[in-house]
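Dropping model-v1.cif in here (mmCIF, C-alpha atoms):
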```cif
data_input
loop_
_atom_site.label_atom_id
_atom_site.label_comp_id
_atom_site.auth_asym_id
_atom_site.auth_seq_id
_atom_site.Cartn_x
_atom_site.Cartn_y
_atom_site.Cartn_z
CA MET A 13 -59.38 -68.20 8.59
CA LEU A 14 -55.73 -67.26 8.09
CA ASN A 15 -56.61 -65.33 4.98
CA SER A 16 -59.38 -63.49 6.72
CA ASN A 17 -57.07 -62.47 9.60
CA LEU A 18 -54.43 -61.32 7.18
CA LYS A 19 -57.04 -59.26 5.34
CA ARG A 20 -58.16 -57.62 8.59
CA LEU A 21 -54.59 -56.93 9.57
CA PHE A 22 -53.92 -55.39 6.16
CA ASN A 23 -57.00 -53.16 6.37
CA LEU A 24 -56.06 -52.04 9.87
CA THR A 25 -52.50 -51.19 8.78
CA GLN A 26 -53.85 -49.33 5.77
CA ARG A 27 -56.25 -47.28 7.95
CA ILE A 28 -53.48 -46.39 10.42
CA TYR A 29 -51.18 -45.39 7.53
CA ASN A 30 -53.87 -43.27 5.87
CA THR A 31 -54.81 -41.54 9.11
CA LYS A 32 -51.19 -40.75 9.98
CA HIS A 33 -50.37 -39.68 6.47
CA ASN A 34 -53.38 -37.38 6.12
CA SER A 35 -52.99 -35.87 9.54
CA SER A 36 -49.32 -35.04 8.98
CA VAL A 37 -50.16 -33.48 5.62
CA LEU A 38 -52.98 -31.50 7.20
CA LYS A 39 -50.62 -30.32 9.93
CA LEU A 40 -48.11 -29.15 7.33
CA ILE A 41 -50.50 -27.03 5.27
CA PRO A 42 -50.73 -24.10 7.73
CA THR A 43 -46.92 -24.20 8.11
CA PHE A 44 -46.48 -23.90 4.35
CA ARG A 45 -48.97 -21.07 4.29
CA ALA A 46 -47.04 -19.28 7.04
CA PHE A 47 -43.73 -19.74 5.19
CA SER A 48 -45.24 -18.56 1.94
CA SER A 49 -46.71 -15.48 3.56
CA GLU A 50 -43.45 -14.72 5.41
CA ASN A 51 -41.40 -15.09 2.20
CA SER A 52 -43.78 -12.88 0.32
CA MET A 53 -43.36 -10.16 2.99
CA LYS A 54 -39.57 -10.49 2.86
CA GLN A 55 -39.63 -10.36 -0.93
CA LYS A 56 -41.83 -7.26 -0.91
CA SER A 57 -39.61 -5.60 1.64
CA LEU A 58 -36.47 -6.36 -0.39
CA ILE A 59 -38.06 -5.01 -3.58
CA GLU A 60 -39.03 -1.80 -1.74
CA THR A 61 -35.52 -1.32 -0.30
CA ALA A 62 -33.83 -2.08 -3.65
CA SER A 63 -36.21 0.26 -5.51
CA LYS A 64 -35.53 3.01 -2.98
CA GLU A 65 -31.77 2.50 -3.42
CA LEU A 66 -32.22 2.67 -7.20
CA GLU A 67 -34.17 5.94 -6.98
CA GLU A 68 -31.56 7.46 -4.64
CA LEU A 69 -28.78 6.44 -7.01
CA LYS A 70 -30.52 7.93 -10.00
CA LYS A 71 -30.75 11.22 -8.08
CA SER A 72 -27.16 11.26 -6.76
CA TYR A 73 -25.36 9.70 -9.72
CA GLU A 74 -23.41 12.24 -11.74
CA PRO A 75 -22.16 10.41 -14.82
CA VAL A 76 -18.93 11.52 -16.43
CA GLN A 77 -19.98 14.18 -18.92
CA LYS A 78 -19.84 12.82 -22.45
CA SER A 79 -18.20 16.03 -23.71
CA GLU A 80 -15.43 15.91 -21.07
CA LYS A 81 -14.83 12.24 -21.68
CA GLU A 82 -14.69 12.70 -25.43
CA GLU A 83 -12.42 15.74 -25.11
CA PHE A 84 -9.87 13.73 -23.13
CA LEU A 85 -10.09 10.75 -25.47
CA SER A 86 -9.78 12.70 -28.71
CA LYS A 87 -6.96 14.87 -27.31
CA ASN A 88 -5.01 11.72 -26.50
CA ARG A 89 -6.27 9.80 -29.54
CA TRP A 90 -7.81 6.97 -27.50
CA VAL A 91 -10.81 5.02 -28.67
CA VAL A 92 -13.02 3.38 -26.01
CA PHE A 93 -14.10 -0.19 -26.66
CA GLU A 94 -16.89 -2.14 -24.98
CA TYR A 95 -17.72 0.68 -22.60
CA GLU A 96 -21.41 0.63 -23.46
CA LYS A 97 -21.73 -3.16 -23.16
CA GLU A 98 -23.20 -3.25 -19.69
CA ASN A 99 -22.54 -6.92 -19.05
CA LEU A 100 -18.76 -6.61 -19.34
CA ASN A 101 -16.94 -5.51 -16.22
CA TYR A 102 -13.93 -4.00 -17.95
CA VAL A 103 -13.09 -1.14 -20.28
CA GLU A 104 -10.50 -0.99 -23.05
CA LEU A 105 -8.83 2.04 -24.59
CA LYS A 106 -7.03 1.55 -27.89
CA LYS A 107 -4.88 3.55 -30.28
CA SER A 108 -2.14 3.17 -32.87
CA GLN A 109 1.01 5.24 -32.57
CA ASP A 110 4.53 4.98 -34.04
CA GLU A 111 3.93 1.55 -35.60
CA PHE A 112 2.53 0.20 -32.32
CA ASP A 113 -0.94 -0.98 -31.42
CA ILE A 114 -1.56 0.11 -27.85
CA THR A 115 -4.29 -1.18 -25.55
CA VAL A 116 -5.07 -0.15 -21.99
CA ARG A 117 -7.49 -2.34 -20.03
CA PHE A 118 -8.98 -1.81 -16.60
CA ALA A 119 -11.84 -3.28 -14.60
CA ALA A 120 -14.93 -1.60 -13.16
CA LYS A 121 -14.20 -0.62 -9.57
CA THR A 122 -16.62 -0.53 -6.68
CA PRO A 123 -16.30 2.84 -4.95
CA GLU A 124 -15.24 2.69 -1.32
CA ALA A 125 -17.78 5.37 -0.46
CA SER A 126 -21.26 4.63 0.90
CA SER A 127 -24.36 4.41 -1.27
CA GLU A 128 -25.13 8.13 -0.87
CA GLU A 129 -21.67 9.00 -2.19
CA ARG A 130 -21.80 6.64 -5.16
CA GLY A 131 -21.30 8.47 -8.43
CA LYS A 132 -20.01 11.67 -6.82
CA HIS A 133 -16.73 10.10 -5.74
CA GLY A 134 -15.37 9.72 -9.27
CA MET A 135 -16.25 13.22 -10.40
CA GLU A 136 -14.33 14.75 -7.51
CA ILE A 137 -11.14 12.97 -8.64
CA PHE A 138 -11.85 13.96 -12.22
CA TYR A 139 -12.14 17.67 -11.45
CA LEU A 140 -8.90 17.56 -9.44
CA PHE A 141 -6.81 16.44 -12.37
CA ILE A 142 -8.47 17.72 -15.54
CA MET B 13 -6.19 0.31 -8.87
CA ASP B 14 -4.64 -2.04 -11.43
CA PHE B 15 -4.61 -1.55 -15.17
CA TYR B 16 -2.78 -3.21 -18.02
CA LEU B 17 -1.00 -1.93 -21.09
CA THR B 18 -0.23 -4.00 -24.16
CA LEU B 19 2.20 -2.77 -26.74
CA GLN B 20 2.36 -4.65 -30.00
CA LYS B 21 4.23 -3.69 -33.15
CA ASN B 22 1.98 -3.59 -36.24
CA ASN B 23 1.94 -6.92 -38.10
CA SER B 24 3.69 -8.73 -35.26
CA LYS B 25 2.33 -11.11 -32.63
CA SER B 26 5.02 -10.43 -30.04
CA GLY B 27 5.05 -7.45 -27.72
CA LEU B 28 4.97 -6.19 -24.17
CA PHE B 29 2.34 -6.69 -21.51
CA VAL B 30 2.76 -4.15 -18.71
CA GLU B 31 1.17 -4.32 -15.27
CA TYR B 32 0.37 -0.89 -13.85
CA ALA B 33 -1.24 0.43 -10.69
CA THR B 34 -2.62 3.89 -9.97
CA ILE B 35 -2.10 5.43 -6.54
CA ASP B 36 -4.09 8.66 -6.15
CA SER B 37 -4.15 8.89 -9.93
CA SER B 38 -0.37 8.63 -10.29
CA VAL B 39 0.66 5.70 -12.52
CA ASN B 40 3.27 3.16 -11.43
CA ILE B 41 4.71 0.21 -13.33
CA ASN B 42 4.78 -3.11 -11.47
CA GLN B 43 6.11 -5.48 -14.09
CA ILE B 44 6.91 -5.65 -17.79
CA HIS B 45 6.33 -8.99 -19.47
CA PHE B 46 7.71 -9.90 -22.88
CA CYS B 47 5.29 -12.12 -24.82
CA GLN B 48 5.71 -14.08 -28.04
CA ASP B 49 1.98 -13.73 -28.60
CA VAL B 50 0.49 -10.74 -26.79
CA SER B 51 -3.16 -11.58 -27.52
CA GLU B 52 -2.79 -15.14 -26.26
CA TYR B 53 -0.80 -13.99 -23.24
CA SER B 54 -3.40 -11.36 -22.26
CA LYS B 55 -6.23 -13.84 -22.71
CA ASN B 56 -4.53 -16.34 -20.40
CA PHE B 57 -3.56 -13.65 -17.91
CA PHE B 58 -7.12 -12.36 -17.55
CA ALA B 59 -8.43 -15.93 -17.35
CA GLY B 60 -6.13 -16.45 -14.35
CA LYS B 61 -3.86 -18.92 -16.11
CA ILE B 62 -0.33 -18.42 -14.85
CA SER B 63 2.35 -18.59 -17.49
CA GLU B 64 5.41 -20.70 -16.72
CA ALA B 65 7.55 -18.62 -19.05
CA TYR B 66 10.05 -16.18 -17.53
CA SER B 67 8.25 -12.84 -17.40
CA GLY B 68 11.01 -10.49 -16.31
CA PRO B 69 11.89 -9.07 -12.90
CA GLU B 70 9.75 -6.70 -10.85
CA PHE B 71 10.02 -3.21 -12.24
CA SER B 72 11.31 -1.70 -8.98
CA ILE B 73 14.46 -3.85 -9.04
CA LEU B 74 15.41 -2.93 -12.59
CA ASP B 75 18.37 -0.63 -13.02
CA GLU B 76 17.18 2.94 -12.37
CA SER B 77 18.29 4.23 -15.75
CA LEU B 78 16.36 1.42 -17.43
CA GLN B 79 13.31 2.25 -15.31
CA ARG B 80 13.52 5.90 -16.40
CA GLU B 81 13.80 4.94 -20.08
CA PHE B 82 10.74 2.72 -19.89
CA ILE B 83 8.73 5.40 -18.07
CA GLU B 84 9.73 7.99 -20.68
CA LEU B 85 8.80 5.70 -23.56
CA PHE B 86 5.39 4.89 -22.09
CA LEU B 87 4.78 8.56 -21.27
CA ASN B 88 5.28 9.22 -24.96
CA PHE B 89 2.43 6.78 -25.62
CA GLY B 90 0.19 8.73 -23.26
CA ILE B 91 0.48 6.52 -20.18
CA ASP B 92 0.67 9.37 -17.71
CA ASP B 93 -1.03 10.63 -14.54
CA ASN B 94 -3.85 12.23 -16.56
CA LEU B 95 -4.65 8.82 -17.95
CA GLY B 96 -4.43 7.43 -14.39
CA SER B 97 -7.02 9.94 -13.21
CA PHE B 98 -9.22 9.24 -16.23
CA ILE B 99 -9.04 5.48 -15.54
CA GLU B 100 -9.99 5.95 -11.89
CA VAL B 101 -13.02 8.03 -12.86
CA LEU B 102 -14.14 5.80 -15.69
CA SER B 103 -13.78 2.59 -13.67
CA VAL B 104 -16.05 3.96 -10.93
CA ASP B 105 -18.48 5.30 -13.54
CA LYS B 106 -18.56 1.92 -15.26
CA GLU B 107 -19.22 0.13 -11.96
CA GLN B 108 -22.01 2.58 -11.21
CA ARG B 109 -23.73 1.71 -14.48
CA LEU B 110 -23.27 -2.01 -13.83
CA TYR B 111 -24.62 -1.62 -10.30
CA ILE B 112 -27.74 0.26 -11.44
CA ASN B 113 -28.36 -2.40 -14.06
CA TRP B 114 -27.84 -5.18 -11.50
CA LEU B 115 -30.32 -3.56 -9.11
CA LYS B 116 -32.92 -3.33 -11.91
CA ASN B 117 -32.38 -7.01 -12.79
CA VAL B 118 -32.66 -8.13 -9.16
CA ILE B 119 -35.93 -6.18 -8.74
CA ASN B 120 -37.30 -7.71 -11.95
CA VAL B 121 -36.51 -11.24 -10.78
CA LEU B 122 -38.34 -10.72 -7.47
CA HIS B 123 -41.37 -8.91 -8.92
#
```
When written as structure tokens, how does the structure in this file appear?
Amino acid sequence: MLNSNLKRLFNLTQRIYNTKHNSSVLKLIPTFRAFSSENSMKQKSLIETASKELEELKKSYEPVQKSEKEEFLSKNRWVVFEYEKENLNYVELKKSQDEFDITVRFAAKTPEASSEERGKHGMEIFYLFI
Amino acid sequence: MDFYLTLQKNNSKSGLFVEYATIDSSVNINQIHFCQDVSEYSKNFFAGKISEAYSGPEFSILDESLQREFIELFLNFGIDDNLGSFIEVLSVDKEQRLYINWLKNVINVLH
């Protein structure tokens, strides 16, 4: 008798647990779908904005002319190191003169100007002094 | 913007490590450090490790004649305002390249 009651009680508990468990899972599925869809929209929107920014930059960016850069460097006998390694955020100039090894090091600098002015800012300074 | 000059006699470890700043392309010395081992000193400096060794006074409080002599010597090595302007341009140009590359990488991660 005791065993039988315990068995019934166990089955009842199990049914309640299963019902609650399943219902809460079922309730969560649409929420997950909503989150997933919302994130996907945000992701798409971010990609579009970043791609637009990239295209704008490519149009407005005026890189330092290789010939002008090389003219300055050779005139002053500097050799640029690690400039082309994109993952390093600094540049080194080196030369030997009068028994000395000379190194100048400086970091990449974020221009203060807005996105539209990126790339143009540096050239303006360059033309002022060269 | 800040930049750094190291001056090391051939076949010697010791030398000078000079802190500079450009203001509108004009170059200004902030401090001149003497180092027993320039390479090691620079490495630690850029890694943010502060040396406990005496590194000399601030440049602006050095005797004026000594300041002039240092400036003249470094000018002779090409550390002048033209270099200051070149550094300002190249540092922005370098950042621009890094930024374009970063944007491409970010887009690739999200695609």
Selection dump of the PyMOL selection byres ((chain B) within 9 of (chain A)), as a ChimeraX atom specification: /B:13-22,36-37,89-91,93-95,97-113,115-116,118-120,122-123
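In this structure, atom CA of Phe57 of chain B sits 28.3 Å away from atom CA of Ser77 of chain B.
Atom pair atom CA of Phe58 of chain B / atom CA of Phe86 of chain B has a distance of 21.8 Å (rounded to one decimal).
Here atom CA of Ile73 of chain B stands at a distance of 28.8 Å from atom CA of Ser24 of chain B.
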Give me, as an mmCIF file with C-alpha atoms, in the coordinates of the input, all polymer residues having an atom no more than 12 Å from Ser67 of chain B, counting all atoms listed in the file and skipping those fewer than 4 positions away in the same chain.
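around-v3.cif, written as the output of this step:
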```cif
data_model
loop_
_atom_site.group_PDB
_atom_site.id
_atom_site.type_symbol
_atom_site.label_atom_id
_atom_site.label_comp_id
_atom_site.auth_asym_id
_atom_site.auth_seq_id
_atom_site.Cartn_x
_atom_site.Cartn_y
_atom_site.Cartn_z
ATOM 1 C CA LEU B 28 4.970 -6.190 -24.170
ATOM 2 C CA PHE B 29 2.340 -6.690 -21.510
ATOM 3 C CA VAL B 30 2.760 -4.150 -18.710
ATOM 4 C CA GLU B 31 1.170 -4.320 -15.270
ATOM 5 C CA ASN B 42 4.780 -3.110 -11.470
ATOM 6 C CA GLN B 43 6.110 -5.480 -14.090
ATOM 7 C CA ILE B 44 6.910 -5.650 -17.790
ATOM 8 C CA HIS B 45 6.330 -8.990 -19.470
ATOM 9 C CA PHE B 46 7.710 -9.900 -22.880
ATOM 10 C CA CYS B 47 5.290 -12.120 -24.820
ATOM 11 C CA GLN B 48 5.710 -14.080 -28.040
ATOM 12 C CA TYR B 53 -0.800 -13.990 -23.240
ATOM 13 C CA PHE B 57 -3.560 -13.650 -17.910
ATOM 14 C CA ILE B 62 -0.330 -18.420 -14.850
ATOM 15 C CA SER B 63 2.350 -18.590 -17.490
ATOM 16 C CA PHE B 71 10.020 -3.210 -12.240
#
```
